[in-house]
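One structure is given below, encoded as structure tokens.
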Amino acid sequence: MWNLELTPGAVEPRVGAEAGGEDAETDEPEEDGDCDHDRSVPEQGLSRQMDNILLLIMKRDEWLGVELRHLAALQALATEGSFGRAAARLGYTQSAVSQQIAMLERIVGEQLVERPGGPRAISLTDAGELLLRHADSIVARMQAAQADLNALRAGEAGMLRVGTFQSVGARVLPEVMRRFRSAWPAVEVVLGELDDVEIERVLERGEFDLGFVLLPVGDAPLETTELLHDPYVLVAAAGSPFAVAERPPTLAEIGAEPLLGFRSGRALEPVEAALRGAGVEPRFAFRSNDNPTMQALVAAGIGNAVMPRLTVDERDPRVVVRELGGQVPPRVIAIARHRDRYHSPAARAFVETATVVTRP
């Protein structure tokens, strides 16, 4: 691994045997002590050379001194903006956090934190921001490793953590859970409802084992299994002109009326993109990520909504649901897991169950 070449002059010639010396080959020591002296000089030169090599190795390996607690301190400092709040977040003393950051700066050889002093918030330098991005990934992988070991120990029992978002939780998950619990009664399934984008993040960090997501996913290291296509529909009040029209409404007609839309998440993006592609700038009267709230406001005549079919309760007599004929691309729902993690038999069985339930 290391190229341990000796530099010229590192080992000195023996005393009394210099190049060109007349008696180089004939001089003999007068007593044994002179023999020891002859050996000590080159050994001292070699020792100096080895010291230099070891210093070089140590210099290159200084980064091996970076510990998770150093990276956790950097994360907390970036989030909280002060050493005091970062210490409270981590359960350390303020001086301990300060020492960890100072040690990290010494190891990497860069100033990572701007310390303005006084009441002003601290901030990260460019080097600190760069290292923080790597720290986030490293800590996330360690959390995932911990989850892997827990899953390996659990075997066919234990806990399975599954993330879902609202419409899948209401329309798909109940039947998946019914079948899975019948086949795997010893597995405790813990469910968590999050926005679809946040589910990707918790899967990367190892906080969840599986999660329902929308395709395409972001840059998280996920392996996905496509489940179903969920088309967009127009939801209008029962007394709306859209309720009696014989043909599907156009996007231009929809955009001419006030709209209700999602506040965030990937379900909103295709709707806005399709409307703008049709030359319409959408006018939103209200935004919410709660599906029943959106539907109730449509029924009250506040506006119309373009929503994925799974988000709509079509049994509601107060509204009508109209097909859009593919004017808005459907959202693609999948189940995802971390591609580099160990997946227990129970996790694999849950994915298979979800695939069977959603199969056409």
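Note on naming: chains are A, B, ... as they come in the structure tokens, residues start from 1 per chain, ligands start from 1 in the order shown.
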
Once DSSP has gone over the backbone, tell me which residues of range 88-263 of chain A are in strand (DSSP E), as a short mmCIF file (atom, residue, chain, number, x, y, z; two decimals) with N, CA and C atoms, in the first residue's frame.
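Done, and the output landed in result-v5.cif:
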data_model
loop_
_atom_site.label_atom_id
_atom_site.label_comp_id
_atom_site.auth_asym_id
_atom_site.auth_seq_id
_atom_site.Cartn_x
_atom_site.Cartn_y
_atom_site.Cartn_z
N VAL A 113 -16.62 26.52 10.95
CA VAL A 113 -17.67 27.31 11.60
C VAL A 113 -17.24 28.76 11.72
N GLU A 114 -18.13 29.67 11.33
CA GLU A 114 -17.93 31.10 11.58
C GLU A 114 -18.48 31.41 12.96
N SER A 123 -22.60 30.28 11.86
CA SER A 123 -22.92 29.72 10.55
C SER A 123 -21.75 28.87 10.08
N LEU A 124 -22.00 28.03 9.10
CA LEU A 124 -20.95 27.20 8.56
C LEU A 124 -20.22 27.92 7.43
N MET A 159 -40.22 -6.28 14.37
CA MET A 159 -40.97 -5.11 13.95
C MET A 159 -40.68 -4.77 12.49
N LEU A 160 -41.71 -4.33 11.78
CA LEU A 160 -41.58 -3.86 10.40
C LEU A 160 -42.18 -2.47 10.34
N ARG A 161 -41.36 -1.48 9.96
CA ARG A 161 -41.81 -0.08 9.94
C ARG A 161 -42.10 0.33 8.51
N VAL A 162 -43.34 0.79 8.28
CA VAL A 162 -43.81 1.08 6.93
C VAL A 162 -44.32 2.52 6.88
N GLY A 163 -43.83 3.28 5.91
CA GLY A 163 -44.30 4.65 5.71
C GLY A 163 -45.33 4.70 4.61
N THR A 164 -46.35 5.52 4.81
CA THR A 164 -47.40 5.66 3.80
C THR A 164 -47.85 7.11 3.73
N GLU A 188 -44.80 -7.30 14.17
CA GLU A 188 -45.49 -6.06 14.53
C GLU A 188 -45.23 -5.02 13.45
N VAL A 189 -46.28 -4.57 12.78
CA VAL A 189 -46.15 -3.56 11.73
C VAL A 189 -46.46 -2.19 12.33
N VAL A 190 -45.49 -1.31 12.27
CA VAL A 190 -45.65 0.06 12.76
C VAL A 190 -45.79 0.97 11.55
N LEU A 191 -46.91 1.69 11.47
CA LEU A 191 -47.20 2.54 10.33
C LEU A 191 -46.94 4.00 10.67
N GLY A 192 -46.45 4.74 9.69
CA GLY A 192 -46.25 6.17 9.85
C GLY A 192 -46.74 6.91 8.62
N GLU A 193 -47.53 7.96 8.79
CA GLU A 193 -48.04 8.74 7.66
C GLU A 193 -47.19 10.00 7.49
N LEU A 210 -39.81 0.01 4.86
CA LEU A 210 -40.51 0.09 3.59
C LEU A 210 -41.32 1.36 3.54
N GLY A 211 -41.67 1.81 2.33
CA GLY A 211 -42.51 2.99 2.24
C GLY A 211 -43.16 3.09 0.87
N PHE A 212 -44.39 3.56 0.85
CA PHE A 212 -45.07 3.84 -0.41
C PHE A 212 -44.61 5.20 -0.92
N VAL A 213 -44.25 5.27 -2.20
CA VAL A 213 -43.69 6.49 -2.78
C VAL A 213 -44.30 6.72 -4.15
N LEU A 214 -44.05 7.91 -4.68
CA LEU A 214 -44.43 8.24 -6.05
C LEU A 214 -43.19 8.20 -6.93
N LEU A 215 -43.34 7.63 -8.12
CA LEU A 215 -42.24 7.57 -9.07
C LEU A 215 -42.29 8.78 -10.00
N LEU A 222 -32.76 4.12 -3.35
CA LEU A 222 -33.93 3.28 -3.13
C LEU A 222 -34.14 2.30 -4.28
N GLU A 223 -34.67 1.15 -3.91
CA GLU A 223 -35.11 0.14 -4.87
C GLU A 223 -36.63 0.14 -4.83
N THR A 224 -37.29 0.26 -5.98
CA THR A 224 -38.74 0.42 -6.01
C THR A 224 -39.42 -0.71 -6.77
N THR A 225 -40.63 -1.01 -6.36
CA THR A 225 -41.50 -1.96 -7.07
C THR A 225 -42.79 -1.23 -7.43
N GLU A 226 -43.04 -1.06 -8.72
CA GLU A 226 -44.22 -0.33 -9.16
C GLU A 226 -45.49 -1.11 -8.81
N LEU A 227 -46.49 -0.39 -8.31
CA LEU A 227 -47.74 -1.03 -7.89
C LEU A 227 -48.91 -0.68 -8.79
N LEU A 228 -49.15 0.61 -9.03
CA LEU A 228 -50.33 0.99 -9.81
C LEU A 228 -50.20 2.40 -10.36
N HIS A 229 -51.01 2.68 -11.38
CA HIS A 229 -51.15 4.02 -11.95
C HIS A 229 -52.45 4.62 -11.42
N ASP A 230 -52.37 5.84 -10.93
CA ASP A 230 -53.51 6.51 -10.32
C ASP A 230 -53.86 7.74 -11.16
N TYR A 232 -55.59 11.18 -12.75
CA TYR A 232 -56.16 12.41 -12.22
C TYR A 232 -57.58 12.59 -12.76
N VAL A 233 -58.44 13.13 -11.90
CA VAL A 233 -59.82 13.40 -12.27
C VAL A 233 -60.18 14.81 -11.83
N LEU A 234 -61.25 15.35 -12.42
CA LEU A 234 -61.77 16.63 -11.98
C LEU A 234 -62.86 16.38 -10.95
N VAL A 235 -62.76 17.05 -9.82
CA VAL A 235 -63.79 16.97 -8.78
C VAL A 235 -64.48 18.33 -8.73
N ALA A 236 -65.81 18.32 -8.96
CA ALA A 236 -66.59 19.56 -8.99
C ALA A 236 -67.83 19.38 -8.12
N ALA A 237 -68.40 20.50 -7.73
CA ALA A 237 -69.64 20.45 -6.94
C ALA A 237 -70.77 19.85 -7.77
N LEU A 259 -59.47 27.22 -8.51
CA LEU A 259 -59.05 25.85 -8.25
C LEU A 259 -58.68 25.66 -6.78
N LEU A 260 -58.82 24.44 -6.33
CA LEU A 260 -58.26 24.02 -5.06
C LEU A 260 -57.12 23.07 -5.38
N GLY A 261 -56.01 23.22 -4.66
CA GLY A 261 -54.84 22.40 -4.97
C GLY A 261 -54.11 21.95 -3.72
#

With a cut-off of 12 Å, could you pull out the residues of range 283-350 of chain A touching range 127-143 of chain A and give me the nearest pair of atoms for each, distance in Å to one decimal, using only C-alpha atoms, ordered by chain and ascending number, as a Markdown table?
| residue | atom | partner | partner_atom | distance |
| --- | --- | --- | --- | --- |
| A:His338 | CA | A:Arg141 | CA | 10.2 |
| A:Arg339 | CA | A:Arg141 | CA | 11.7 |
| A:Asp340 | CA | A:Arg141 | CA | 9.4 |
| A:Arg341 | CA | A:Arg141 | CA | 9.3 |

Expected file contents, prior selection, C-alpha atoms, as a PDB file, in the first residue's frame:
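Heads up, here's the output in again-v4.pdb:
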ATOM      1  CA  HIS A 338     -33.182   1.018   0.717  1.00  0.00           C
ATOM      2  CA  ARG A 339     -31.286  -0.789  -2.023  1.00  0.00           C
ATOM      3  CA  ASP A 340     -28.170  -1.446   0.098  1.00  0.00           C
ATOM      4  CA  ARG A 341     -29.913  -2.686   3.230  1.00  0.00           C
TER       5      ARG A 341
END

For this session: Would you mind telling me which residue in A:Phe208, A:Ala88, A:Leu71, A:Arg283 lies nearest to Ile101 in chain A when using only C-alpha atoms?
Result: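 Closest candidate: A:Leu71.
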
For this session: Within range 51-244 of chain A, find each residue whose DSSP state, derived from the backbone, is alpha helix (DSSP H), and express the selection as an MDAnalysis selection string.
Result: chainID A and resid 51:60 68:80 83:90 94:108 126:154 166:171 173:183 196:204

For this session: Identify which of the residues A:Thr79, A:Ala256, A:Pro308, A:Phe284 lies closest to Val332 in chain A, counting only C-alpha atoms when measuring atom-to-atom distances.
Result: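 So, comparing all the options, the nearest one is A:Pro308.
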
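Shortest atom-to-atom contact with Pro221 in chain A among A:Arg266, A:Ala336, A:Ala305, A:Asp195: A:Ala336, counting only C-alpha atoms.
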
Exercise. Which neighbours of range 323-327 of chain A fall inside 12 Å, counting only C-alpha atoms, when residues of the same chain fewer than 6 positions from it are skipped, and could you give them as a PyMOL selection string?
Worked result: chain A and resi 229-236+242-243+245-254+270-278+305-309

Please save N, CA and C atoms of the selected residues as a short mmCIF file (atom, residue, chain, number, x, y, z; two decimals), in the first residue's frame.
data_model
loop_
_atom_site.label_atom_id
_atom_site.label_comp_id
_atom_site.auth_asym_id
_atom_site.auth_seq_id
_atom_site.Cartn_x
_atom_site.Cartn_y
_atom_site.Cartn_z
N HIS A 229 -51.01 2.68 -11.38
CA HIS A 229 -51.15 4.02 -11.95
C HIS A 229 -52.45 4.62 -11.42
N ASP A 230 -52.37 5.84 -10.93
CA ASP A 230 -53.51 6.51 -10.32
C ASP A 230 -53.86 7.74 -11.16
N PRO A 231 -54.93 7.67 -12.00
CA PRO A 231 -55.23 8.79 -12.90
C PRO A 231 -55.80 9.99 -12.17
N TYR A 232 -55.59 11.18 -12.75
CA TYR A 232 -56.16 12.41 -12.22
C TYR A 232 -57.58 12.59 -12.76
N VAL A 233 -58.44 13.13 -11.90
CA VAL A 233 -59.82 13.40 -12.27
C VAL A 233 -60.18 14.81 -11.83
N LEU A 234 -61.25 15.35 -12.42
CA LEU A 234 -61.77 16.63 -11.98
C LEU A 234 -62.86 16.38 -10.95
N VAL A 235 -62.76 17.05 -9.82
CA VAL A 235 -63.79 16.97 -8.78
C VAL A 235 -64.48 18.33 -8.73
N ALA A 236 -65.81 18.32 -8.96
CA ALA A 236 -66.59 19.56 -8.99
C ALA A 236 -67.83 19.38 -8.12
N PHE A 242 -69.86 21.60 -14.84
CA PHE A 242 -69.06 20.43 -15.22
C PHE A 242 -69.80 19.12 -14.92
N ALA A 243 -70.80 19.19 -14.03
CA ALA A 243 -71.50 17.97 -13.64
C ALA A 243 -72.40 17.44 -14.75
N ALA A 245 -71.95 18.34 -18.22
CA ALA A 245 -71.33 18.37 -19.55
C ALA A 245 -71.17 16.95 -20.08
N GLU A 246 -71.38 16.77 -21.37
CA GLU A 246 -71.33 15.44 -21.97
C GLU A 246 -69.90 14.99 -22.27
N ARG A 247 -69.03 15.90 -22.53
CA ARG A 247 -67.66 15.55 -22.87
C ARG A 247 -66.74 15.88 -21.70
N PRO A 248 -65.55 15.29 -21.68
CA PRO A 248 -64.59 15.64 -20.63
C PRO A 248 -64.20 17.11 -20.72
N PRO A 249 -64.09 17.79 -19.60
CA PRO A 249 -63.69 19.20 -19.64
C PRO A 249 -62.24 19.35 -20.11
N THR A 250 -61.97 20.43 -20.81
CA THR A 250 -60.59 20.69 -21.23
C THR A 250 -59.85 21.41 -20.11
N LEU A 251 -58.53 21.39 -20.21
CA LEU A 251 -57.73 22.08 -19.19
C LEU A 251 -57.95 23.58 -19.24
N ALA A 252 -58.21 24.12 -20.44
CA ALA A 252 -58.49 25.55 -20.55
C ALA A 252 -59.78 25.90 -19.81
N GLU A 253 -60.80 25.04 -19.92
CA GLU A 253 -62.05 25.28 -19.21
C GLU A 253 -61.86 25.15 -17.70
N ILE A 254 -61.08 24.18 -17.29
CA ILE A 254 -60.83 23.99 -15.86
C ILE A 254 -60.07 25.18 -15.30
N PRO A 270 -47.68 17.54 -11.52
CA PRO A 270 -48.23 17.24 -12.85
C PRO A 270 -49.43 18.11 -13.20
N VAL A 271 -50.23 18.49 -12.21
CA VAL A 271 -51.41 19.32 -12.47
C VAL A 271 -50.99 20.70 -12.96
N GLU A 272 -50.09 21.34 -12.22
CA GLU A 272 -49.65 22.68 -12.61
C GLU A 272 -48.94 22.65 -13.95
N ALA A 273 -48.11 21.62 -14.18
CA ALA A 273 -47.39 21.51 -15.45
C ALA A 273 -48.35 21.33 -16.62
N ALA A 274 -49.40 20.52 -16.45
CA ALA A 274 -50.36 20.29 -17.52
C ALA A 274 -51.15 21.56 -17.83
N LEU A 275 -51.57 22.28 -16.79
CA LEU A 275 -52.32 23.51 -17.01
C LEU A 275 -51.47 24.55 -17.73
N ARG A 276 -50.24 24.71 -17.29
CA ARG A 276 -49.37 25.70 -17.95
C ARG A 276 -49.04 25.26 -19.37
N GLY A 277 -48.93 23.94 -19.58
CA GLY A 277 -48.70 23.44 -20.94
C GLY A 277 -49.86 23.75 -21.86
N ALA A 278 -51.07 23.89 -21.30
CA ALA A 278 -52.25 24.24 -22.09
C ALA A 278 -52.45 25.75 -22.18
N ALA A 305 -61.29 20.95 -8.21
CA ALA A 305 -59.99 20.37 -7.89
C ALA A 305 -59.66 19.27 -8.88
N VAL A 306 -58.40 19.26 -9.32
CA VAL A 306 -57.88 18.15 -10.12
C VAL A 306 -57.06 17.29 -9.17
N MET A 307 -57.56 16.08 -8.89
CA MET A 307 -56.98 15.24 -7.84
C MET A 307 -56.79 13.82 -8.36
N PRO A 308 -55.80 13.09 -7.83
CA PRO A 308 -55.69 11.67 -8.14
C PRO A 308 -56.93 10.93 -7.66
N ARG A 309 -57.36 9.93 -8.42
CA ARG A 309 -58.60 9.23 -8.10
C ARG A 309 -58.58 8.63 -6.69
#

For this session: Please measure the separation of CA of Thr311 in chain A and CA of Val298 in chain A, giving the value in Å to one decimal.
Result: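 Those two atoms sit 13.3 Å apart.
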
For this session: May I ask for the distance between CA of Gly239 in chain A and CA of Asn291 in chain A, given in Å to one decimal place?
Result: 20.4 Å

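Picture a line from CA of Gly81 in chain A to CA of Ala121 in chain A; it runs 5.3 Å.
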